[in-house]
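> Please find one structure pasted underneath; my questions will follow.
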Amino acid sequence: MGHGFSQSIETGDQSMNAVADKDYEQFKQMFFQLTGINLSLYKEDQMKRRLNTLRIKREMPSFVSYCLQMRKSDQLLKECLSRMTINVTEFFRNRQRWDVLESKLTALLSVKPRISAWSAACSTGEEAYSLSILLSKYLQPGRFSILATDVDEKVLQQAHEGIYLERALESVNPEERDRFFRRDGLLYRIDEKLKQPVRFLRHDLLSDPVPGQFDLVVCRNVLIYFTNEGKKRIYRKLSESLNSHGVLFVGSTEQIFHPEEYALKPAETFFYEKG
Ligand SMILES: C[S@@+](CC[C@H](N)C(=O)[O-])C[C@H]1O[C@@H](n2cnc3c(N)ncnc32)[C@H](O)[C@@H]1O
């Protein structure tokens, strides 16, 4: 008797799980139609957990009904988009690696007198402005440009403003702080001259075509969210976007197991060069 009862609970649980899975599958399709973002290429458990908390908070009985509401409410959609993305960043994140980049840059400049760079998944802009600081030490204005992209429009707005709390500047040295920022109470404003070479653009690494050809591409701390298929797609794009001799600078989560499959040569830990 007891056994039969627990069996029926199990079967009940299984069918509820199946309904929940189907609901999420349908949600992914609807969300793709609405935003062009392919959630199937994001690690499922992680993403589902993040979105589920928000769905429950908004008192939506299912993922499908949640998406139907998003179609009607821009605010709900924006909130969901911000929850999907994790935007933690800072200037010169892992500074020692930026020091290696600086040495690579001097070599790159001996063959390329002008540099075009791409900060892919730039979040609130600290990475792009770090590049601007670095490049401005070696190149006159007009000799370098930086395209900074992210899928999340909200962070791009902040990036465009270029105003930061002190904690974002922890790895900025005092000399750079004085030279490249203006203090305004508790806030730090990035110098206008450093903003000029930087252009921000909404871009989805998974579904949009590469946004140009570059000598230097920085893509860090984003691939951790994607499935292996998603990662492969992005590696292909990063390689495609590099000019010959171009340098790719990645984070710990972006290291490539078989760089030769993407016409890339490992140059040093966290760096690859286009053949
Ligand atoms: C943790 S931040 C990394 C910021 C910066 N690159 C760094 O290393 O400090 C990850 C960023 O990836 C962005 N992102 C997530 N999915 C993306 C996608 N499909 N295409 C472009 N950017 C994406 C998020 O919006 C977020 O701003």
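The way I read the labels, and the way they are meant: chains A, B, ... in the order of the structure tokens, residue 1 as the first residue of every chain, and ligand 1 as the first ligand shown, with later ones counted on from there.
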Write out as an NGL selection string which residues come within 10 Å of Tyr129 (chain A) when counting only C-alpha atoms, dropping same-chain ones fewer than 6 positions away.
:A and (91-92 or 119 or 122 or 135 or 146 or 148 or 159 or 162 or 180 or 190-191 or 194-195 or 197-198)
> May I have a table of the residues of region 150-254 of chain A lying at most 9 Å from region 94-114 of chain A, giving each one's closest pair of atoms and their distance in Å to one decimal, counting only C-alpha atoms, ordered by chain and ascending residue number, as a Markdown table?

| residue | atom | partner | partner_atom | distance |
| --- | --- | --- | --- | --- |
| A:Ser171 | CA | A:Arg95 | CA | 6.4 |
| A:Val172 | CA | A:Arg95 | CA | 8.6 |
| A:Asp215 | CA | A:Lys112 | CA | 8.3 |
| A:Leu216 | CA | A:Leu105 | CA | 8.8 |
| A:His245 | CA | A:Leu108 | CA | 7.8 |
| A:Gly246 | CA | A:Leu108 | CA | 7.9 |
| A:Val247 | CA | A:Lys104 | CA | 8.1 |
| A:Phe249 | CA | A:Leu101 | CA | 7.6 |
> Write the selection just made, keeping N, CA and C atoms, as a PDB file, in the first residue's frame?

ATOM      1  N   SER A 171      41.943  48.757  -9.179  1.00  0.00           N
ATOM      2  CA  SER A 171      43.198  48.392  -9.847  1.00  0.00           C
ATOM      3  C   SER A 171      43.784  49.522 -10.702  1.00  0.00           C
ATOM      4  N   VAL A 172      43.211  50.698 -10.562  1.00  0.00           N
ATOM      5  CA  VAL A 172      43.754  51.855 -11.294  1.00  0.00           C
ATOM      6  C   VAL A 172      44.806  52.491 -10.387  1.00  0.00           C
ATOM      7  N   ASP A 215      42.303  44.636 -34.656  1.00  0.00           N
ATOM      8  CA  ASP A 215      43.685  44.199 -34.382  1.00  0.00           C
ATOM      9  C   ASP A 215      43.777  43.606 -32.982  1.00  0.00           C
ATOM     10  N   LEU A 216      42.854  44.021 -32.139  1.00  0.00           N
ATOM     11  CA  LEU A 216      42.861  43.543 -30.759  1.00  0.00           C
ATOM     12  C   LEU A 216      41.415  43.284 -30.326  1.00  0.00           C
ATOM     13  N   HIS A 245      47.716  38.739 -37.606  1.00  0.00           N
ATOM     14  CA  HIS A 245      48.584  39.177 -36.497  1.00  0.00           C
ATOM     15  C   HIS A 245      47.802  39.784 -35.331  1.00  0.00           C
ATOM     16  N   GLY A 246      46.470  39.781 -35.456  1.00  0.00           N
ATOM     17  CA  GLY A 246      45.664  40.361 -34.383  1.00  0.00           C
ATOM     18  C   GLY A 246      45.769  39.537 -33.099  1.00  0.00           C
ATOM     19  N   VAL A 247      45.502  40.206 -31.971  1.00  0.00           N
ATOM     20  CA  VAL A 247      45.638  39.560 -30.655  1.00  0.00           C
ATOM     21  C   VAL A 247      44.261  39.417 -30.010  1.00  0.00           C
ATOM     22  N   PHE A 249      42.537  38.618 -26.374  1.00  0.00           N
ATOM     23  CA  PHE A 249      42.816  38.606 -24.932  1.00  0.00           C
ATOM     24  C   PHE A 249      41.557  38.070 -24.242  1.00  0.00           C
TER      25      PHE A 249
END
> Would you kindly return, as an mmCIF file with N, CA and C atoms, in the first residue's frame, each protein, DNA or RNA residue with an atom no farther than 12 Å from any atom of Phe257 (chain A), considering only C-alpha atoms and excluding same-chain residues fewer than 4 positions away?

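Here's the written file result26.cif:
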data_model
loop_
_atom_site.group_PDB
_atom_site.id
_atom_site.type_symbol
_atom_site.label_atom_id
_atom_site.label_comp_id
_atom_site.auth_asym_id
_atom_site.auth_seq_id
_atom_site.Cartn_x
_atom_site.Cartn_y
_atom_site.Cartn_z
ATOM 1 N N ASN A 228 28.706 24.308 -24.572
ATOM 2 C CA ASN A 228 29.869 24.117 -25.443
ATOM 3 C C ASN A 228 29.582 24.566 -26.870
ATOM 4 N N LYS A 231 29.812 28.288 -26.950
ATOM 5 C CA LYS A 231 31.224 28.722 -26.888
ATOM 6 C C LYS A 231 31.898 28.603 -28.252
ATOM 7 N N LYS A 232 31.675 27.443 -28.906
ATOM 8 C CA LYS A 232 32.315 27.217 -30.214
ATOM 9 C C LYS A 232 31.904 28.295 -31.207
ATOM 10 N N TYR A 235 33.833 31.424 -30.350
ATOM 11 C CA TYR A 235 35.253 31.355 -30.725
ATOM 12 C C TYR A 235 35.414 31.600 -32.225
ATOM 13 N N THR A 253 37.748 31.976 -18.045
ATOM 14 C CA THR A 253 36.666 31.095 -18.490
ATOM 15 C C THR A 253 36.606 30.973 -20.011
ATOM 16 N N GLU A 261 41.851 24.997 -34.275
ATOM 17 C CA GLU A 261 40.579 24.815 -34.996
ATOM 18 C C GLU A 261 39.973 26.157 -35.409
ATOM 19 N N TYR A 262 40.444 27.207 -34.783
ATOM 20 C CA TYR A 262 39.899 28.546 -35.079
ATOM 21 C C TYR A 262 40.973 29.453 -35.704
ATOM 22 N N LEU A 264 43.851 30.073 -34.608
ATOM 23 C CA LEU A 264 44.496 30.889 -33.574
ATOM 24 C C LEU A 264 45.716 30.153 -33.020
ATOM 25 N N LYS A 265 46.723 30.949 -32.649
ATOM 26 C CA LYS A 265 47.928 30.366 -32.028
ATOM 27 C C LYS A 265 47.974 30.825 -30.579
ATOM 28 N N PRO A 266 48.197 29.912 -29.616
ATOM 29 C CA PRO A 266 48.336 30.388 -28.234
ATOM 30 C C PRO A 266 49.602 31.221 -28.124
ATOM 31 N N THR A 269 49.509 32.468 -21.694
ATOM 32 C CA THR A 269 48.225 32.173 -21.050
ATOM 33 C C THR A 269 47.305 33.396 -21.224
ATOM 34 N N PHE A 270 46.099 33.142 -21.632
ATOM 35 C CA PHE A 270 45.068 34.172 -21.848
ATOM 36 C C PHE A 270 45.238 35.007 -23.125
ATOM 37 N N TYR A 272 45.901 34.854 -27.529
ATOM 38 C CA TYR A 272 45.999 34.086 -28.790
ATOM 39 C C TYR A 272 46.302 35.079 -29.904
#
> Could you check the closest approach to Gln69 (chain A) for each of A:Leu34, A:Ser40, A:Gln140, A:Thr89 and tell me which residue wins, using only C-alpha atoms?
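Selected residue with least distance to Gln69 (chain A): A:Leu34.
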> For region 79-85 of chain A, please output as a compact mmCIF listing (two decimals) with all heavy atoms, in the first residue's frame all residues within 10 Å (counting only C-alpha atoms; exclusion window: fewer than 2 positions along the same chain).

# COMPACT_ATOMS: atom_id res chain seq x y z
N THR A 35 13.08 38.59 -28.58
CA THR A 35 14.35 39.33 -28.36
C THR A 35 15.48 38.93 -29.30
O THR A 35 16.48 39.63 -29.38
CB THR A 35 14.88 39.06 -26.93
OG1 THR A 35 15.18 37.67 -26.84
CG2 THR A 35 13.89 39.44 -25.86
N ILE A 37 17.30 36.48 -28.63
CA ILE A 37 18.29 35.83 -27.76
C ILE A 37 17.98 34.34 -27.66
O ILE A 37 16.85 33.96 -27.31
CB ILE A 37 18.33 36.49 -26.36
CG1 ILE A 37 18.82 37.94 -26.51
CG2 ILE A 37 19.23 35.71 -25.40
CD1 ILE A 37 18.76 38.75 -25.24
N LEU A 39 18.22 31.28 -25.76
CA LEU A 39 18.52 30.77 -24.41
C LEU A 39 19.00 29.32 -24.42
O LEU A 39 19.60 28.86 -23.45
CB LEU A 39 17.28 30.90 -23.52
CG LEU A 39 16.93 32.32 -23.08
CD1 LEU A 39 15.62 32.32 -22.29
CD2 LEU A 39 18.02 32.94 -22.24
N TYR A 42 22.62 28.99 -23.60
CA TYR A 42 23.08 29.33 -22.24
C TYR A 42 22.94 28.08 -21.37
O TYR A 42 22.00 27.29 -21.57
CB TYR A 42 22.21 30.43 -21.63
CG TYR A 42 22.49 31.82 -22.18
CD1 TYR A 42 22.01 32.23 -23.41
CD2 TYR A 42 23.24 32.73 -21.43
CE1 TYR A 42 22.27 33.51 -23.90
CE2 TYR A 42 23.50 34.01 -21.92
CZ TYR A 42 23.01 34.39 -23.15
OH TYR A 42 23.26 35.64 -23.62
N GLN A 46 21.55 26.98 -14.66
CA GLN A 46 21.92 28.31 -14.14
C GLN A 46 20.88 29.36 -14.57
O GLN A 46 20.36 30.11 -13.75
CB GLN A 46 23.27 28.64 -14.78
CG GLN A 46 24.17 29.56 -14.02
CD GLN A 46 25.45 29.78 -14.84
OE1 GLN A 46 25.42 30.09 -16.04
NE2 GLN A 46 26.58 29.62 -14.20
N MET A 47 20.58 29.36 -15.86
CA MET A 47 19.67 30.38 -16.41
C MET A 47 18.26 30.21 -15.87
O MET A 47 17.60 31.17 -15.49
CB MET A 47 19.70 30.28 -17.94
CG MET A 47 18.88 31.31 -18.64
SD MET A 47 19.36 32.99 -18.20
CE MET A 47 20.82 33.21 -19.18
N LYS A 48 17.81 28.94 -15.82
CA LYS A 48 16.45 28.66 -15.37
C LYS A 48 16.28 29.14 -13.92
O LYS A 48 15.28 29.74 -13.57
CB LYS A 48 16.20 27.16 -15.45
CG LYS A 48 14.81 26.78 -15.80
CD LYS A 48 14.81 25.31 -16.17
CE LYS A 48 13.49 24.67 -16.05
NZ LYS A 48 13.54 23.26 -16.41
N ARG A 50 17.93 31.50 -12.34
CA ARG A 50 17.92 32.96 -12.26
C ARG A 50 16.55 33.52 -12.66
O ARG A 50 15.99 34.37 -12.00
CB ARG A 50 18.97 33.56 -13.21
CG ARG A 50 20.38 33.26 -12.83
CD ARG A 50 21.35 33.88 -13.82
NE ARG A 50 21.39 35.33 -13.70
CZ ARG A 50 21.95 35.96 -12.70
NH1 ARG A 50 22.53 35.30 -11.75
NH2 ARG A 50 21.95 37.27 -12.65
N LEU A 51 16.02 32.99 -13.78
CA LEU A 51 14.76 33.53 -14.29
C LEU A 51 13.57 33.09 -13.44
O LEU A 51 12.60 33.82 -13.31
CB LEU A 51 14.56 33.13 -15.75
CG LEU A 51 15.62 33.66 -16.72
CD1 LEU A 51 15.27 33.31 -18.15
CD2 LEU A 51 15.79 35.17 -16.60
N THR A 53 13.41 32.71 -10.17
CA THR A 53 13.25 33.57 -8.98
C THR A 53 12.48 34.84 -9.36
O THR A 53 11.57 35.28 -8.65
CB THR A 53 14.64 34.02 -8.43
OG1 THR A 53 15.64 33.18 -8.94
CG2 THR A 53 14.68 34.11 -6.96
N LEU A 54 12.82 35.38 -10.50
CA LEU A 54 12.16 36.61 -10.93
C LEU A 54 10.69 36.35 -11.31
O LEU A 54 9.80 37.14 -10.99
CB LEU A 54 12.93 37.17 -12.13
CG LEU A 54 12.68 38.62 -12.48
CD1 LEU A 54 13.00 39.54 -11.32
CD2 LEU A 54 13.53 39.01 -13.69
N ARG A 55 10.49 35.21 -11.98
CA ARG A 55 9.11 34.83 -12.38
C ARG A 55 8.22 34.72 -11.14
O ARG A 55 7.12 35.26 -11.12
CB ARG A 55 9.15 33.49 -13.12
CG ARG A 55 7.79 32.93 -13.46
CD ARG A 55 7.88 31.58 -14.12
NE ARG A 55 8.22 30.49 -13.21
CZ ARG A 55 7.37 29.90 -12.38
NH1 ARG A 55 6.12 30.31 -12.30
NH2 ARG A 55 7.77 28.91 -11.61
N TYR A 66 4.58 34.37 -18.26
CA TYR A 66 5.56 35.43 -17.99
C TYR A 66 5.97 36.09 -19.31
O TYR A 66 5.99 37.33 -19.44
CB TYR A 66 6.75 34.78 -17.28
CG TYR A 66 7.81 35.71 -16.74
CD1 TYR A 66 7.54 37.05 -16.46
CD2 TYR A 66 9.10 35.23 -16.48
CE1 TYR A 66 8.54 37.87 -15.95
CE2 TYR A 66 10.08 36.05 -15.97
CZ TYR A 66 9.80 37.37 -15.71
OH TYR A 66 10.78 38.18 -15.21
N CYS A 67 6.25 35.27 -20.32
CA CYS A 67 6.68 35.81 -21.60
C CYS A 67 5.54 36.58 -22.29
O CYS A 67 5.76 37.61 -22.92
CB CYS A 67 7.20 34.70 -22.51
SG CYS A 67 8.25 35.35 -23.81
N MET A 70 5.59 39.87 -20.85
CA MET A 70 6.74 40.64 -21.33
C MET A 70 6.47 41.28 -22.69
O MET A 70 6.97 42.33 -23.01
CB MET A 70 7.96 39.72 -21.47
CG MET A 70 8.71 39.54 -20.20
SD MET A 70 10.17 38.58 -20.56
CE MET A 70 10.06 37.33 -19.35
N ASP A 74 7.31 46.59 -21.56
CA ASP A 74 8.73 46.82 -21.82
C ASP A 74 9.55 46.73 -20.53
O ASP A 74 10.67 46.24 -20.52
CB ASP A 74 8.88 48.23 -22.39
CG ASP A 74 9.71 48.18 -23.64
OD1 ASP A 74 9.74 47.12 -24.27
OD2 ASP A 74 10.32 49.21 -23.97
N GLN A 75 8.92 47.21 -19.46
CA GLN A 75 9.61 47.24 -18.17
C GLN A 75 9.92 45.81 -17.68
O GLN A 75 11.02 45.52 -17.23
CB GLN A 75 8.73 47.94 -17.16
CG GLN A 75 9.52 48.58 -16.05
CD GLN A 75 8.57 49.18 -15.03
OE1 GLN A 75 7.41 49.45 -15.32
NE2 GLN A 75 9.05 49.37 -13.82
N LEU A 76 8.91 44.95 -17.84
CA LEU A 76 9.07 43.55 -17.43
C LEU A 76 10.15 42.87 -18.27
O LEU A 76 10.97 42.10 -17.76
CB LEU A 76 7.73 42.83 -17.63
CG LEU A 76 7.37 41.72 -16.67
CD1 LEU A 76 7.39 42.20 -15.23
CD2 LEU A 76 5.97 41.18 -17.00
N LEU A 77 10.15 43.18 -19.56
CA LEU A 77 11.14 42.59 -20.46
C LEU A 77 12.54 43.07 -20.08
O LEU A 77 13.48 42.27 -19.98
CB LEU A 77 10.82 42.98 -21.91
CG LEU A 77 11.83 42.56 -22.96
CD1 LEU A 77 11.97 41.04 -23.01
CD2 LEU A 77 11.43 43.07 -24.35
N ASN A 87 26.65 41.39 -14.56
CA ASN A 87 27.43 42.49 -15.12
C ASN A 87 28.66 42.89 -14.32
O ASN A 87 29.23 43.95 -14.54
CB ASN A 87 26.53 43.73 -15.29
CG ASN A 87 25.28 43.42 -16.08
OD1 ASN A 87 24.18 43.59 -15.59
ND2 ASN A 87 25.46 42.96 -17.29
N VAL A 88 29.09 42.04 -13.40
CA VAL A 88 30.23 42.39 -12.55
C VAL A 88 31.46 42.69 -13.41
O VAL A 88 31.82 41.92 -14.29
CB VAL A 88 30.60 41.19 -11.63
CG1 VAL A 88 31.78 41.52 -10.75
CG2 VAL A 88 29.40 40.79 -10.81
N SER A 123 29.98 45.03 -20.60
CA SER A 123 29.24 45.41 -19.40
C SER A 123 29.17 46.95 -19.27
O SER A 123 28.93 47.63 -20.27
CB SER A 123 29.84 44.74 -18.17
OG SER A 123 29.05 45.00 -17.06
N ASP A 150 27.71 44.92 -25.95
CA ASP A 150 27.09 44.04 -24.94
C ASP A 150 25.65 43.78 -25.39
O ASP A 150 25.07 44.56 -26.14
CB ASP A 150 27.09 44.72 -23.56
CG ASP A 150 26.93 43.70 -22.43
OD1 ASP A 150 25.79 43.24 -22.19
OD2 ASP A 150 27.93 43.36 -21.78
N VAL A 151 25.08 42.70 -24.90
CA VAL A 151 23.71 42.36 -25.26
C VAL A 151 22.70 43.18 -24.43
O VAL A 151 21.55 43.33 -24.82
CB VAL A 151 23.48 40.84 -25.09
CG1 VAL A 151 23.35 40.46 -23.63
CG2 VAL A 151 22.29 40.34 -25.88
N ASP A 152 23.15 43.72 -23.32
CA ASP A 152 22.25 44.37 -22.36
C ASP A 152 22.31 45.89 -22.54
O ASP A 152 23.31 46.54 -22.24
CB ASP A 152 22.73 43.95 -20.95
CG ASP A 152 21.86 44.49 -19.83
OD1 ASP A 152 20.96 45.30 -20.11
OD2 ASP A 152 22.11 44.10 -18.68
N GLU A 153 21.19 46.46 -23.02
CA GLU A 153 21.18 47.90 -23.32
C GLU A 153 21.35 48.75 -22.07
O GLU A 153 21.88 49.86 -22.14
CB GLU A 153 19.85 48.27 -23.98
CG GLU A 153 19.55 47.42 -25.17
CD GLU A 153 19.02 48.20 -26.34
OE1 GLU A 153 19.38 49.38 -26.47
OE2 GLU A 153 18.24 47.62 -27.11
N LYS A 154 20.87 48.22 -20.96
CA LYS A 154 20.93 49.00 -19.72
C LYS A 154 22.38 49.27 -19.31
O LYS A 154 22.74 50.38 -18.94
CB LYS A 154 20.19 48.24 -18.61
CG LYS A 154 19.67 49.13 -17.54
CD LYS A 154 18.61 48.43 -16.74
CE LYS A 154 18.72 48.85 -15.28
NZ LYS A 154 18.24 47.84 -14.36
N VAL A 155 23.22 48.24 -19.40
CA VAL A 155 24.63 48.45 -19.01
C VAL A 155 25.31 49.37 -20.01
O VAL A 155 26.20 50.15 -19.64
CB VAL A 155 25.44 47.14 -18.85
CG1 VAL A 155 25.04 46.38 -17.63
CG2 VAL A 155 25.42 46.26 -20.08
N VAL A 222 32.65 36.01 -19.88
CA VAL A 222 31.28 35.89 -20.38
C VAL A 222 30.98 34.46 -20.85
O VAL A 222 29.85 33.99 -20.67
CB VAL A 222 31.00 36.91 -21.52
CG1 VAL A 222 31.94 36.76 -22.68
CG2 VAL A 222 29.57 36.79 -22.02
N TYR A 225 28.75 31.42 -19.19
CA TYR A 225 27.29 31.25 -19.20
C TYR A 225 26.79 30.33 -20.31
O TYR A 225 25.62 29.98 -20.35
CB TYR A 225 26.58 32.61 -19.35
CG TYR A 225 27.06 33.64 -18.40
CD1 TYR A 225 27.58 34.85 -18.84
CD2 TYR A 225 27.04 33.40 -17.02
CE1 TYR A 225 28.06 35.80 -17.94
CE2 TYR A 225 27.51 34.34 -16.13
CZ TYR A 225 28.02 35.53 -16.59
OH TYR A 225 28.49 36.44 -15.72
> Rank nothing, just name the residue among A:Gln213, A:Ser62, A:Thr124, A:Thr227 nearest to Ser244 (chain A), using only C-alpha atoms.
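Looking at the shortest contact to Ser244 (chain A), the residue is A:Gln213.
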> My list of candidates is A:Ser252, A:Ser241, A:Ser132, A:Asn221. Which is closest to ligand 1 when distances are computed with only C-alpha atoms and all ligand atoms?
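Using only C-alpha atoms and all ligand atoms, ligand 1 sits closest to A:Asn221.
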> Restricting the calculation to only C-alpha atoms: of A:Ala117, A:Val250, A:Ala128, A:Leu139, which residue gets closest to Gly212 (chain A)?
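The answer is A:Ala117, which sits nearest to Gly212 (chain A).
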> Just list the residues in region 18-134 of chain A DSSP gives strand (DSSP E) on the backbone, as a PyMOL selection string.
chain A and resi 115-120
> Apply DSSP to the structure's backbone, then extract all residues of region 139-194 of chain A labelled alpha helix (DSSP H) and return them as a PyMOL selection string.
chain A and resi 153-161+174-180+192-194
> Could you take the residues named above and write them with C-alpha atoms, as a tab-separated table (two decimals), in the first residue's frame?

chain	number	residue	atom	x	y	z
A	153	GLU	CA	21.18	47.90	-23.32
A	154	LYS	CA	20.93	49.00	-19.72
A	155	VAL	CA	24.63	48.45	-19.01
A	156	LEU	CA	25.51	50.16	-22.29
A	157	GLN	CA	23.69	53.28	-21.14
A	158	GLN	CA	25.78	53.34	-17.97
A	159	ALA	CA	28.90	52.64	-19.98
A	160	HIS	CA	28.16	55.60	-22.20
A	161	GLU	CA	27.89	57.91	-19.20
A	174	PRO	CA	47.08	56.79	-8.39
A	175	GLU	CA	48.83	58.39	-11.35
A	176	GLU	CA	46.19	57.06	-13.79
A	177	ARG	CA	43.45	58.09	-11.39
A	178	ASP	CA	44.67	61.70	-11.42
A	179	ARG	CA	45.32	61.79	-15.11
A	180	PHE	CA	42.28	60.00	-16.52
A	192	GLU	CA	36.25	63.10	-22.24
A	193	LYS	CA	39.39	62.47	-24.30
A	194	LEU	CA	39.24	58.78	-23.36
> How many Å separate CA of Ala20 (chain A) from CA of Phe63 (chain A)?
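Here the two named atoms are 8.5 Å from each other.
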> Quick one: pull the distance between CA of Asn17 (chain A) and CA of Arg71 (chain A), Å, one decimal.
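Distance reported for this atom pair: 25.6 Å.
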> Quick one: pull the distance between CA of Cys219 (chain A) and atom 4 (C, counted along the ligand's line) of ligand 1, Å, one decimal.
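Separation between CA of Cys219 (chain A) and atom 4 (C, counted along the ligand's line) of ligand 1: 8.1 Å.
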> Which residue, A:Glu127, A:Glu166, A:Glu273, A:Asp45, has the smallest gap to Leu147 (chain A) when you use only C-alpha atoms?
A:Glu127
